[in-house]
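Shown below: upload_29.cif, with mmCIF, C-alpha atoms.
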```cif
data_entry
#
loop_
_atom_site.group_PDB
_atom_site.id
_atom_site.type_symbol
_atom_site.label_atom_id
_atom_site.label_comp_id
_atom_site.auth_asym_id
_atom_site.auth_seq_id
_atom_site.Cartn_x
_atom_site.Cartn_y
_atom_site.Cartn_z
ATOM 1 C CA MET A 122 -28.973 -15.308 6.623
ATOM 2 C CA LYS A 123 -26.187 -16.222 9.056
ATOM 3 C CA ARG A 124 -28.078 -19.400 9.988
ATOM 4 C CA GLN A 125 -28.275 -20.381 6.312
ATOM 5 C CA ILE A 126 -24.533 -19.768 5.953
ATOM 6 C CA ALA A 127 -23.792 -21.720 9.129
ATOM 7 C CA ASP A 128 -25.806 -24.662 7.800
ATOM 8 C CA LYS A 129 -23.866 -24.631 4.513
ATOM 9 C CA ILE A 130 -20.576 -24.562 6.415
ATOM 10 C CA ARG A 131 -21.617 -27.477 8.643
ATOM 11 C CA SER A 132 -22.562 -29.591 5.618
ATOM 12 C CA ALA A 133 -19.355 -28.846 3.703
ATOM 13 C CA ARG A 134 -15.882 -30.265 4.187
ATOM 14 C CA THR A 135 -13.445 -28.240 2.102
ATOM 15 C CA MET A 136 -13.664 -24.453 1.831
ATOM 16 C CA ALA A 137 -11.696 -21.665 0.204
ATOM 17 C CA ILE A 138 -11.642 -18.187 1.715
ATOM 18 C CA SER A 139 -10.682 -15.177 -0.366
ATOM 19 C CA SER A 140 -10.877 -11.425 0.170
ATOM 20 C CA HIS A 141 -10.854 -8.415 -2.107
ATOM 21 C CA VAL A 142 -7.859 -7.191 -4.086
ATOM 22 C CA ARG A 143 -5.623 -4.723 -2.221
ATOM 23 C CA PRO A 144 -6.698 -6.311 1.081
ATOM 24 C CA ASP A 145 -6.923 -4.299 4.290
ATOM 25 C CA ALA A 146 -7.043 -5.183 7.978
ATOM 26 C CA ASP A 147 -10.806 -5.749 7.918
ATOM 27 C CA SER A 148 -10.733 -8.288 5.094
ATOM 28 C CA ILE A 149 -7.538 -10.007 6.296
ATOM 29 C CA GLY A 150 -8.469 -10.062 9.986
ATOM 30 C CA SER A 151 -11.959 -11.345 9.211
ATOM 31 C CA GLY A 152 -10.656 -13.981 6.820
ATOM 32 C CA LEU A 153 -8.027 -15.248 9.249
ATOM 33 C CA ALA A 154 -10.580 -15.432 12.056
ATOM 34 C CA LEU A 155 -12.923 -17.409 9.800
ATOM 35 C CA LEU A 156 -10.070 -19.752 8.800
ATOM 36 C CA LEU A 157 -9.432 -20.578 12.452
ATOM 37 C CA MET A 158 -13.152 -20.975 13.182
ATOM 38 C CA LEU A 159 -13.543 -23.496 10.353
ATOM 39 C CA GLU A 160 -10.564 -25.489 11.592
ATOM 40 C CA GLN A 161 -12.171 -25.643 15.031
ATOM 41 C CA LEU A 162 -15.169 -27.265 13.367
ATOM 42 C CA GLY A 163 -12.961 -29.920 11.800
ATOM 43 C CA LYS A 164 -13.159 -28.474 8.300
ATOM 44 C CA ALA A 165 -10.364 -28.200 5.747
ATOM 45 C CA PRO A 166 -10.177 -24.496 4.813
ATOM 46 C CA ALA A 167 -7.647 -22.611 2.721
ATOM 47 C CA PHE A 168 -7.204 -18.824 2.579
ATOM 48 C CA ILE A 169 -6.176 -17.825 -0.956
ATOM 49 C CA ASN A 170 -5.751 -14.204 -2.066
ATOM 50 C CA THR A 171 -4.560 -12.644 -5.300
ATOM 51 C CA ASP A 172 -2.801 -9.712 -3.575
ATOM 52 C CA ARG A 173 -0.521 -9.500 -0.571
ATOM 53 C CA ALA A 174 -1.498 -7.300 2.344
ATOM 54 C CA PRO A 175 0.580 -4.235 3.238
ATOM 55 C CA TYR A 176 2.577 -3.841 6.440
ATOM 56 C CA PRO A 177 1.517 -3.933 9.294
ATOM 57 C CA VAL A 178 -1.613 -5.908 8.269
ATOM 58 C CA SER A 179 0.816 -8.689 7.372
ATOM 59 C CA LYS A 180 1.708 -8.930 11.082
ATOM 60 C CA LEU A 181 -1.768 -10.129 12.123
ATOM 61 C CA PRO A 182 -1.740 -13.581 13.800
ATOM 62 C CA GLY A 183 -1.729 -16.346 11.214
ATOM 63 C CA TYR A 184 -1.052 -14.134 8.192
ATOM 64 C CA GLY A 185 1.594 -16.608 6.988
ATOM 65 C CA ARG A 186 -1.209 -19.122 6.398
ATOM 66 C CA ILE A 187 -2.537 -17.100 3.451
ATOM 67 C CA ARG A 188 -1.581 -18.439 0.040
ATOM 68 C CA GLN A 189 -1.203 -16.135 -2.937
ATOM 69 C CA GLY A 190 -2.820 -17.204 -6.191
ATOM 70 C CA GLN A 191 -6.053 -18.549 -7.656
ATOM 71 C CA ILE A 192 -8.694 -20.759 -6.069
ATOM 72 C CA HIS A 193 -9.432 -22.404 -9.430
ATOM 73 C CA PRO A 194 -8.975 -25.210 -10.441
ATOM 74 C CA GLN A 195 -8.701 -26.676 -6.939
ATOM 75 C CA PRO A 196 -11.879 -28.462 -5.791
ATOM 76 C CA PHE A 197 -13.727 -26.918 -2.837
ATOM 77 C CA ASP A 198 -17.233 -27.500 -1.509
ATOM 78 C CA LEU A 199 -17.595 -23.779 -0.768
ATOM 79 C CA ALA A 200 -15.868 -20.499 -1.584
ATOM 80 C CA ILE A 201 -16.400 -17.849 1.088
ATOM 81 C CA LEU A 202 -15.651 -14.347 -0.144
ATOM 82 C CA ILE A 203 -14.824 -11.676 2.414
ATOM 83 C CA GLU A 204 -15.909 -8.345 0.934
ATOM 84 C CA GLY A 205 -15.674 -9.957 -2.482
ATOM 85 C CA ALA A 206 -18.907 -9.806 -4.462
ATOM 86 C CA GLY A 207 -17.379 -11.285 -7.609
ATOM 87 C CA GLU A 208 -14.378 -11.917 -9.811
ATOM 88 C CA GLU A 209 -13.514 -8.256 -10.388
ATOM 89 C CA ARG A 210 -13.564 -7.512 -6.670
ATOM 90 C CA THR A 211 -11.501 -10.563 -5.647
ATOM 91 C CA GLY A 212 -9.290 -11.067 -8.694
ATOM 92 C CA GLN A 213 -10.319 -14.733 -8.546
ATOM 93 C CA ASN A 214 -11.316 -16.387 -11.840
ATOM 94 C CA HIS A 215 -13.956 -19.063 -12.527
ATOM 95 C CA LEU A 216 -15.913 -18.403 -9.337
ATOM 96 C CA GLN A 217 -18.979 -19.698 -11.181
ATOM 97 C CA ASP A 218 -17.495 -23.171 -10.699
ATOM 98 C CA TYR A 219 -18.029 -22.905 -6.924
ATOM 99 C CA PHE A 220 -20.877 -22.401 -4.506
ATOM 100 C CA CYS A 221 -19.974 -18.880 -3.340
ATOM 101 C CA ILE A 222 -20.957 -17.068 -0.176
ATOM 102 C CA ASN A 223 -20.255 -13.337 0.005
ATOM 103 C CA ILE A 224 -20.012 -11.657 3.421
ATOM 104 C CA ASP A 225 -19.848 -7.880 3.140
ATOM 105 C CA HIS A 226 -20.902 -4.520 4.543
ATOM 106 C CA HIS A 227 -20.755 -2.442 1.372
ATOM 107 C CA ALA A 228 -24.141 -1.293 0.134
ATOM 108 C CA ALA A 229 -23.588 -2.295 -3.509
ATOM 109 C CA ALA A 230 -21.860 -5.602 -2.791
ATOM 110 C CA SER A 231 -24.552 -8.060 -3.884
ATOM 111 C CA GLY A 232 -24.139 -9.787 -7.186
ATOM 112 C CA GLU A 233 -22.567 -13.026 -8.299
ATOM 113 C CA ALA A 234 -22.579 -15.169 -5.135
ATOM 114 C CA ALA A 235 -25.158 -17.879 -4.420
ATOM 115 C CA ILE A 236 -25.620 -16.370 -0.955
ATOM 116 C CA ASP A 237 -25.054 -12.659 -0.319
ATOM 117 C CA TRP A 238 -24.949 -11.613 3.332
ATOM 118 C CA VAL A 239 -24.596 -7.853 3.044
ATOM 119 C CA VAL A 240 -25.223 -5.566 6.030
ATOM 120 C CA PRO A 241 -24.417 -1.927 5.131
ATOM 121 C CA GLY A 242 -25.032 -0.823 8.715
ATOM 122 C CA ALA A 243 -22.147 -2.918 10.029
ATOM 123 C CA ALA A 244 -19.015 -0.912 10.833
ATOM 124 C CA ALA A 245 -16.804 -3.693 9.453
ATOM 125 C CA VAL A 246 -17.187 -7.143 7.966
ATOM 126 C CA GLY A 247 -15.486 -8.307 11.161
ATOM 127 C CA GLU A 248 -18.810 -7.719 12.938
ATOM 128 C CA LEU A 249 -20.528 -10.211 10.633
ATOM 129 C CA VAL A 250 -17.837 -12.861 11.037
ATOM 130 C CA TYR A 251 -18.182 -12.382 14.811
ATOM 131 C CA GLU A 252 -21.940 -13.028 14.518
ATOM 132 C CA LEU A 253 -21.276 -16.067 12.336
ATOM 133 C CA GLY A 254 -18.859 -17.387 14.967
ATOM 134 C CA LEU A 255 -21.575 -17.097 17.603
ATOM 135 C CA GLU A 256 -23.996 -18.941 15.311
ATOM 136 C CA LEU A 257 -21.427 -21.706 14.740
ATOM 137 C CA GLY A 258 -20.728 -21.955 18.476
ATOM 138 C CA VAL A 259 -16.953 -21.680 18.158
ATOM 139 C CA ASP A 260 -14.533 -20.788 20.925
ATOM 140 C CA PHE A 261 -13.178 -17.275 20.401
ATOM 141 C CA SER A 262 -9.504 -18.033 20.914
ATOM 142 C CA HIS A 263 -6.899 -15.300 21.299
ATOM 143 C CA ASP A 264 -6.063 -15.255 17.578
ATOM 144 C CA ILE A 265 -9.680 -15.330 16.407
ATOM 145 C CA ALA A 266 -10.666 -12.513 18.756
ATOM 146 C CA PHE A 267 -7.511 -10.477 18.061
ATOM 147 C CA ASN A 268 -8.026 -10.632 14.294
ATOM 148 C CA LEU A 269 -11.694 -9.656 14.518
ATOM 149 C CA TYR A 270 -10.919 -6.791 16.899
ATOM 150 C CA ALA A 271 -8.250 -5.587 14.454
ATOM 151 C CA ALA A 272 -10.778 -5.772 11.605
ATOM 152 C CA ILE A 273 -13.254 -3.545 13.429
ATOM 153 C CA ALA A 274 -10.632 -1.179 14.860
ATOM 154 C CA SER A 275 -9.142 -0.645 11.407
ATOM 155 C CA ASP A 276 -12.376 0.100 9.570
ATOM 156 C CA THR A 277 -13.514 2.514 12.283
ATOM 157 C CA GLY A 278 -10.168 4.321 12.403
ATOM 158 C CA SER A 279 -9.532 3.112 15.942
ATOM 159 C CA PHE A 280 -13.186 3.886 16.755
ATOM 160 C CA LYS A 281 -12.941 7.515 15.590
ATOM 161 C CA TYR A 282 -14.869 7.417 12.293
ATOM 162 C CA SER A 283 -18.564 8.139 11.886
ATOM 163 C CA ASN A 284 -19.316 4.438 11.250
ATOM 164 C CA THR A 285 -18.416 3.654 14.882
ATOM 165 C CA THR A 286 -21.608 2.438 16.566
ATOM 166 C CA PRO A 287 -22.492 1.269 20.087
ATOM 167 C CA ARG A 288 -22.728 -2.240 18.614
ATOM 168 C CA ALA A 289 -19.198 -2.034 17.174
ATOM 169 C CA LEU A 290 -17.889 -0.938 20.569
ATOM 170 C CA ALA A 291 -19.799 -3.708 22.354
ATOM 171 C CA ILE A 292 -18.472 -6.379 19.988
ATOM 172 C CA ALA A 293 -14.918 -5.066 20.346
ATOM 173 C CA SER A 294 -15.240 -5.160 24.128
ATOM 174 C CA ASP A 295 -16.528 -8.747 24.019
ATOM 175 C CA LEU A 296 -13.673 -9.797 21.722
ATOM 176 C CA ALA A 297 -11.025 -8.300 24.015
ATOM 177 C CA ARG A 298 -12.596 -10.095 26.971
ATOM 178 C CA ARG A 299 -12.867 -13.435 25.194
ATOM 179 C CA GLY A 300 -9.389 -13.220 23.639
ATOM 180 C CA GLY A 301 -7.654 -12.070 26.807
ATOM 181 C CA PHE A 302 -5.715 -9.223 25.184
ATOM 182 C CA SER A 303 -5.500 -5.484 25.744
ATOM 183 C CA PRO A 304 -7.029 -3.191 23.088
ATOM 184 C CA PHE A 305 -3.708 -1.355 23.179
ATOM 185 C CA GLU A 306 -1.977 -4.406 21.684
ATOM 186 C CA VAL A 307 -4.127 -4.136 18.553
ATOM 187 C CA SER A 308 -3.848 -0.354 18.314
ATOM 188 C CA ASN A 309 -0.090 -0.513 18.757
ATOM 189 C CA LEU A 310 0.241 -3.047 15.933
ATOM 190 C CA LEU A 311 -2.077 -1.286 13.500
ATOM 191 C CA PHE A 312 -1.396 2.374 14.181
ATOM 192 C CA ASN A 313 1.992 2.657 15.901
ATOM 193 C CA SER A 314 4.201 0.336 13.848
ATOM 194 C CA ASN A 315 5.155 2.429 10.830
ATOM 195 C CA PRO A 316 8.674 2.010 9.404
ATOM 196 C CA GLN A 317 10.683 5.215 8.890
ATOM 197 C CA GLU A 318 10.293 4.913 5.118
ATOM 198 C CA LYS A 319 6.507 5.024 5.485
ATOM 199 C CA ILE A 320 6.753 8.362 7.310
ATOM 200 C CA ARG A 321 9.038 9.721 4.586
ATOM 201 C CA MET A 322 6.437 8.672 2.031
ATOM 202 C CA LEU A 323 3.663 10.284 4.053
ATOM 203 C CA THR A 324 5.656 13.521 4.044
ATOM 204 C CA LYS A 325 5.981 13.383 0.235
ATOM 205 C CA VAL A 326 2.275 12.816 -0.276
ATOM 206 C CA LEU A 327 1.164 15.492 2.196
ATOM 207 C CA SER A 328 3.451 17.990 0.452
ATOM 208 C CA THR A 329 1.089 17.772 -2.545
ATOM 209 C CA LEU A 330 -1.841 19.107 -0.508
ATOM 210 C CA GLU A 331 -4.220 21.462 -2.340
ATOM 211 C CA THR A 332 -7.565 22.835 -1.217
ATOM 212 C CA GLY A 333 -10.592 24.044 -3.121
ATOM 213 C CA LEU A 334 -14.166 25.256 -2.768
ATOM 214 C CA ASP A 335 -13.285 27.661 0.042
ATOM 215 C CA GLY A 336 -11.243 25.063 1.897
ATOM 216 C CA ARG A 337 -14.017 22.484 1.987
ATOM 217 C CA VAL A 338 -12.171 20.050 -0.320
ATOM 218 C CA ALA A 339 -8.608 18.795 0.171
ATOM 219 C CA MET A 340 -6.657 16.936 -2.502
ATOM 220 C CA ILE A 341 -3.434 14.937 -2.207
ATOM 221 C CA HIS A 342 -1.732 12.620 -4.664
ATOM 222 C CA PHE A 343 0.845 9.859 -4.929
ATOM 223 C CA ARG A 344 3.018 9.253 -7.977
ATOM 224 C CA ARG A 345 4.936 6.051 -8.631
ATOM 225 C CA ASP A 346 8.248 7.910 -8.784
ATOM 226 C CA PHE A 347 7.809 8.807 -5.101
ATOM 227 C CA LEU A 348 8.993 5.249 -4.430
ATOM 228 C CA SER A 349 12.208 5.573 -6.419
ATOM 229 C CA ALA A 350 14.325 6.738 -3.475
ATOM 230 C CA LEU A 351 12.652 4.448 -0.938
ATOM 231 C CA SER A 352 12.624 0.715 -0.312
ATOM 232 C CA LEU A 353 8.839 0.572 -0.149
ATOM 233 C CA LYS A 354 7.175 -1.446 -2.909
ATOM 234 C CA ASP A 355 3.729 -0.017 -2.300
ATOM 235 C CA ILE A 356 1.966 2.257 0.149
ATOM 236 C CA GLU A 357 -0.943 1.824 2.531
ATOM 237 C CA THR A 358 -2.916 5.048 2.214
ATOM 238 C CA GLU A 359 -5.605 5.064 4.879
ATOM 239 C CA ASP A 360 -3.598 6.918 7.506
ATOM 240 C CA ILE A 361 -2.480 9.513 4.941
ATOM 241 C CA ILE A 362 -6.099 10.216 4.046
ATOM 242 C CA ALA A 363 -6.923 10.478 7.745
ATOM 243 C CA VAL A 364 -4.375 13.282 8.211
ATOM 244 C CA ALA A 365 -5.864 15.304 5.342
ATOM 245 C CA ARG A 366 -9.358 14.537 6.579
ATOM 246 C CA SER A 367 -8.525 16.006 9.981
ATOM 247 C CA ILE A 368 -8.071 19.541 8.594
ATOM 248 C CA ASP A 369 -10.608 21.863 10.156
ATOM 249 C CA GLY A 370 -13.333 22.836 7.697
ATOM 250 C CA VAL A 371 -12.556 20.094 5.162
ATOM 251 C CA GLN A 372 -15.655 18.105 4.197
ATOM 252 C CA VAL A 373 -14.214 16.028 1.353
ATOM 253 C CA VAL A 374 -10.755 14.553 0.780
ATOM 254 C CA LEU A 375 -9.613 13.240 -2.599
ATOM 255 C CA PHE A 376 -6.554 11.015 -2.747
ATOM 256 C CA PHE A 377 -5.180 10.214 -6.208
ATOM 257 C CA LYS A 378 -2.873 7.199 -6.331
ATOM 258 C CA GLU A 379 -1.069 6.664 -9.642
ATOM 259 C CA ILE A 380 -1.309 3.020 -10.741
ATOM 260 C CA GLU A 381 0.354 3.600 -14.103
ATOM 261 C CA GLU A 382 0.814 6.606 -16.337
ATOM 262 C CA GLY A 383 -2.584 8.222 -16.902
ATOM 263 C CA TYR A 384 -4.413 5.778 -14.591
ATOM 264 C CA PHE A 385 -5.344 6.555 -10.974
ATOM 265 C CA ARG A 386 -7.179 4.989 -8.090
ATOM 266 C CA VAL A 387 -9.181 7.763 -6.453
ATOM 267 C CA SER A 388 -10.151 7.419 -2.792
ATOM 268 C CA ILE A 389 -12.790 9.738 -1.328
ATOM 269 C CA ARG A 390 -13.470 10.485 2.315
ATOM 270 C CA SER A 391 -16.219 12.815 3.463
ATOM 271 C CA ARG A 392 -17.925 14.235 6.509
ATOM 272 C CA ASP A 393 -21.463 15.090 7.554
ATOM 273 C CA GLU A 394 -24.116 14.718 4.854
ATOM 274 C CA PHE A 395 -21.836 14.706 1.827
ATOM 275 C CA SER A 396 -21.913 11.301 0.104
ATOM 276 C CA ALA A 397 -18.543 9.968 -1.006
ATOM 277 C CA ARG A 398 -20.341 6.940 -2.443
ATOM 278 C CA GLN A 399 -22.478 9.124 -4.718
ATOM 279 C CA VAL A 400 -19.358 10.648 -6.272
ATOM 280 C CA ALA A 401 -17.740 7.245 -6.710
ATOM 281 C CA GLN A 402 -20.845 5.805 -8.342
ATOM 282 C CA ALA A 403 -20.694 8.533 -10.994
ATOM 283 C CA PHE A 404 -17.409 6.911 -12.079
ATOM 284 C CA GLN A 405 -18.623 3.282 -11.738
ATOM 285 C CA GLY A 406 -17.076 2.965 -8.284
ATOM 286 C CA GLY A 407 -18.632 2.349 -4.890
ATOM 287 C CA GLY A 408 -18.165 2.176 -1.154
ATOM 288 C CA HIS A 409 -19.763 3.699 1.911
ATOM 289 C CA HIS A 410 -21.428 7.050 2.549
ATOM 290 C CA HIS A 411 -18.223 8.546 3.973
ATOM 291 C CA ALA A 412 -15.600 6.304 2.318
ATOM 292 C CA ALA A 413 -15.585 5.278 -1.333
ATOM 293 C CA GLY A 414 -13.355 4.943 -4.367
ATOM 294 C CA PHE A 415 -13.051 4.389 -8.102
ATOM 295 C CA PHE A 416 -10.535 4.298 -10.953
ATOM 296 C CA TYR A 417 -9.919 7.200 -13.343
ATOM 297 C CA ARG A 418 -8.151 7.078 -16.688
ATOM 298 C CA GLY A 419 -6.719 10.395 -17.827
ATOM 299 C CA SER A 420 -4.364 13.089 -16.573
ATOM 300 C CA LEU A 421 -4.246 14.152 -12.937
ATOM 301 C CA ALA A 422 -5.279 17.681 -13.910
ATOM 302 C CA ALA A 423 -8.292 16.379 -15.832
ATOM 303 C CA ALA A 424 -9.286 14.136 -12.946
ATOM 304 C CA LYS A 425 -9.169 16.979 -10.437
ATOM 305 C CA LYS A 426 -11.189 19.295 -12.686
ATOM 306 C CA GLU A 427 -13.906 16.749 -13.471
ATOM 307 C CA ILE A 428 -14.302 15.427 -9.951
ATOM 308 C CA MET A 429 -14.218 18.875 -8.352
ATOM 309 C CA GLY A 430 -16.971 19.961 -10.738
ATOM 310 C CA LEU A 431 -19.125 17.068 -9.612
ATOM 311 C CA ILE A 432 -18.444 17.785 -5.944
ATOM 312 C CA ALA A 433 -19.265 21.475 -6.372
ATOM 313 C CA GLY A 434 -22.634 20.510 -7.826
ATOM 314 C CA GLN A 435 -23.455 18.400 -4.757
ATOM 315 C CA MET A 436 -22.335 20.848 -2.080
ATOM 316 C CA PRO A 437 -24.856 23.302 -0.644
#
```
Go through the file and emit its structure as structure tokens.
Amino acid sequence: MKRQIADKIRSARTMAISSHVRPDADSIGSGLALLLMLEQLGKAPAFINTDRAPYPVSKLPGYGRIRQGQIHPQPFDLAILIEGAGEERTGQNHLQDYFCINIDHHAAASGEAAIDWVVPGAAAVGELVYELGLELGVDFSHDIAFNLYAAIASDTGSFKYSNTTPRALAIASDLARRGGFSPFEVSNLLFNSNPQEKIRMLTKVLSTLETGLDGRVAMIHFRRDFLSALSLKDIETEDIIAVARSIDGVQVVLFFKEIEEGYFRVSIRSRDEFSARQVAQAFQGGGHHHAAGFFYRGSLAAAKKEIMGLIAGQMP
């Protein structure tokens, strides 16, 4: 598959890159690395996203190159979607007007693209862009390697999550060697650069902690009015979920983020054999075995009751 994608890239001139809505370090780092790879090959790429990335993802090398808006109606020979199986996932309209390539590691990511390169066993999409770079024969410059390392480090929780594999570690090691940077530089940017307001927000969210099913499920939530006394416009939630997930005995974490009144994005994290993806799919969502999400319309109380009932039915 990567050879087929490499051949399409070599035969094209202009290319648009876009990632999923609410982009994270994996999608942004992978997209920026690909942008720089294509420029090395003498192509004319553009990175166009519908949503901005949260801090500190916005500090990754080259982030200022990303344009905010729609790919259409600009003419491009190819549209390369990073974790973006279609219009709903990317927020991009009229993708049917382009030859689309989707590069992803989510099991249910195939769909609307002409070429779907989906590898659920990959720890991050950054692994696949790394493999594509090898196939294209590019030089892994500092910024390319740094961005790909950040992509993998982020999606593995700094190599702590269960999706961390020997291959992910080997690729990360190769990227650090090729890029000439210390792994600490990436970790410091991604995990040790929180503004004070972010910590205040984390405190608010963690104060909502509830447990259920004999302490095996933890629930936290975020309401829009939490932002009223802070300068934050939005909140990156992964590290908040990680704190709740670290509680001894907790197998499942539910994080409810209020988008508007009566409408929530629900993120699920799990351990061991419990499938977060299976819960998400029951609500037309998706993701990985241990990390998934979906949207829920209704009250917070109703959401907790319905989802907890489903989880109880799946737990031994």
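Closest to Asn170 of chain A among A:Lys425, A:Leu156, A:Gly434, A:Arg188 is A:Arg188, based on only C-alpha atoms.
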(request) Using all atoms listed in the file, give me every residue within 10 Å of (-5.5, -20.5, -12.3) in file coordinates, as a PyMOL selection string. (result) chain A and resi 190-195+213-215
(request) May I ask which of the residues A:Ala174, A:Val142, A:Ala154, A:Val364 is the closest one to Gly212 of chain A, counting only C-alpha atoms? (result) A:Val142
(request) In Å, rounded to a single decimal, give me how far atom CA of Asn268 of chain A is from atom CA of Gly414 of chain A. (result) 24.9 Å
Contacts of segment 283-286 of chain A at 10 Å or less, counting all atoms listed in the file, minus same-chain residues fewer than 5 places along, as a PDB file with C-alpha atoms, keeping the file's coordinate frame?
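Resulting contents of result.pdb:
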```pdb
ATOM      1  CA  GLY A 242     -25.032  -0.823   8.715  1.00  0.00           C
ATOM      2  CA  ALA A 243     -22.147  -2.918  10.029  1.00  0.00           C
ATOM      3  CA  ALA A 244     -19.015  -0.912  10.833  1.00  0.00           C
ATOM      4  CA  ALA A 245     -16.804  -3.693   9.453  1.00  0.00           C
ATOM      5  CA  ILE A 273     -13.254  -3.545  13.429  1.00  0.00           C
ATOM      6  CA  ALA A 274     -10.632  -1.179  14.860  1.00  0.00           C
ATOM      7  CA  ASP A 276     -12.376   0.100   9.570  1.00  0.00           C
ATOM      8  CA  THR A 277     -13.514   2.514  12.283  1.00  0.00           C
ATOM      9  CA  GLY A 278     -10.168   4.321  12.403  1.00  0.00           C
ATOM     10  CA  ALA A 291     -19.799  -3.708  22.354  1.00  0.00           C
ATOM     11  CA  ILE A 292     -18.472  -6.379  19.988  1.00  0.00           C
ATOM     12  CA  SER A 391     -16.219  12.815   3.463  1.00  0.00           C
ATOM     13  CA  ARG A 392     -17.925  14.235   6.509  1.00  0.00           C
ATOM     14  CA  ASP A 393     -21.463  15.090   7.554  1.00  0.00           C
ATOM     15  CA  HIS A 409     -19.763   3.699   1.911  1.00  0.00           C
ATOM     16  CA  HIS A 410     -21.428   7.050   2.549  1.00  0.00           C
ATOM     17  CA  HIS A 411     -18.223   8.546   3.973  1.00  0.00           C
ATOM     18  CA  ALA A 412     -15.600   6.304   2.318  1.00  0.00           C
TER      19      ALA A 412
END
```
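Distance-wise, atom CA of Ala167 of chain A and atom CA of Asn315 of chain A end up 29.3 Å apart.
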(message) What does the structure give for the distance between atom CA of Leu216 of chain A and atom CA of His141 of chain A, in Å to one decimal?
(response) 13.3 Å
(request) Considering only C-alpha atoms, return as an MDAnalysis selection string whatever protein or nucleic-acid residues lie within 10 Å of Ser132 of chain A, sequence-local ones (same chain, fewer than 5 positions apart) excluded. (result) chainID A and resid 127 164 198:199
(request) With the file shown as input, list the residues that the PyMOL selection byres ((chain A and resi 246-260) around 9) selects, as a PyMOL selection string. (result) chain A and resi 123-124+126-128+130-131+147-148+150-152+154-155+158-159+161-162+203-204+224-227+238-240+243-245+261-262+265-266+268-273+276+288-289+292-293+296+299
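Nearest-residue note for Glu394 of chain A: choosing from A:Gly301, A:Gly430, A:Pro437, A:Pro182, the minimum distance belongs to A:Pro437, counting all atoms listed in the file.
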(message) With only C-alpha atoms as the counted atoms, please give the residues lying no more than 6 Å from Ala413 of chain A, apart from itself and same-chain residues fewer than 2 positions off, as number ranges by chain.
(response) A: 389, 397-398, 407-409
(request) Apply the PyMOL selection byres ((chain A and resi 185) around 12) to the structure shown and report the selected residues as a ChimeraX atom specification. (result) /A:149,153,167-170,173-174,178-184,186-189
Export, as a JSON list (two decimals), in the coordinates of the input, the selected residues with C-alpha atoms.
```
[["chain", "number", "residue", "atom", "x", "y", "z"],
["A", 149, "ILE", "CA", -7.54, -10.01, 6.30],
["A", 153, "LEU", "CA", -8.03, -15.25, 9.25],
["A", 167, "ALA", "CA", -7.65, -22.61, 2.72],
["A", 168, "PHE", "CA", -7.20, -18.82, 2.58],
["A", 169, "ILE", "CA", -6.18, -17.82, -0.96],
["A", 170, "ASN", "CA", -5.75, -14.20, -2.07],
["A", 173, "ARG", "CA", -0.52, -9.50, -0.57],
["A", 174, "ALA", "CA", -1.50, -7.30, 2.34],
["A", 178, "VAL", "CA", -1.61, -5.91, 8.27],
["A", 179, "SER", "CA", 0.82, -8.69, 7.37],
["A", 180, "LYS", "CA", 1.71, -8.93, 11.08],
["A", 181, "LEU", "CA", -1.77, -10.13, 12.12],
["A", 182, "PRO", "CA", -1.74, -13.58, 13.80],
["A", 183, "GLY", "CA", -1.73, -16.35, 11.21],
["A", 184, "TYR", "CA", -1.05, -14.13, 8.19],
["A", 186, "ARG", "CA", -1.21, -19.12, 6.40],
["A", 187, "ILE", "CA", -2.54, -17.10, 3.45],
["A", 188, "ARG", "CA", -1.58, -18.44, 0.04],
["A", 189, "GLN", "CA", -1.20, -16.14, -2.94]]
```
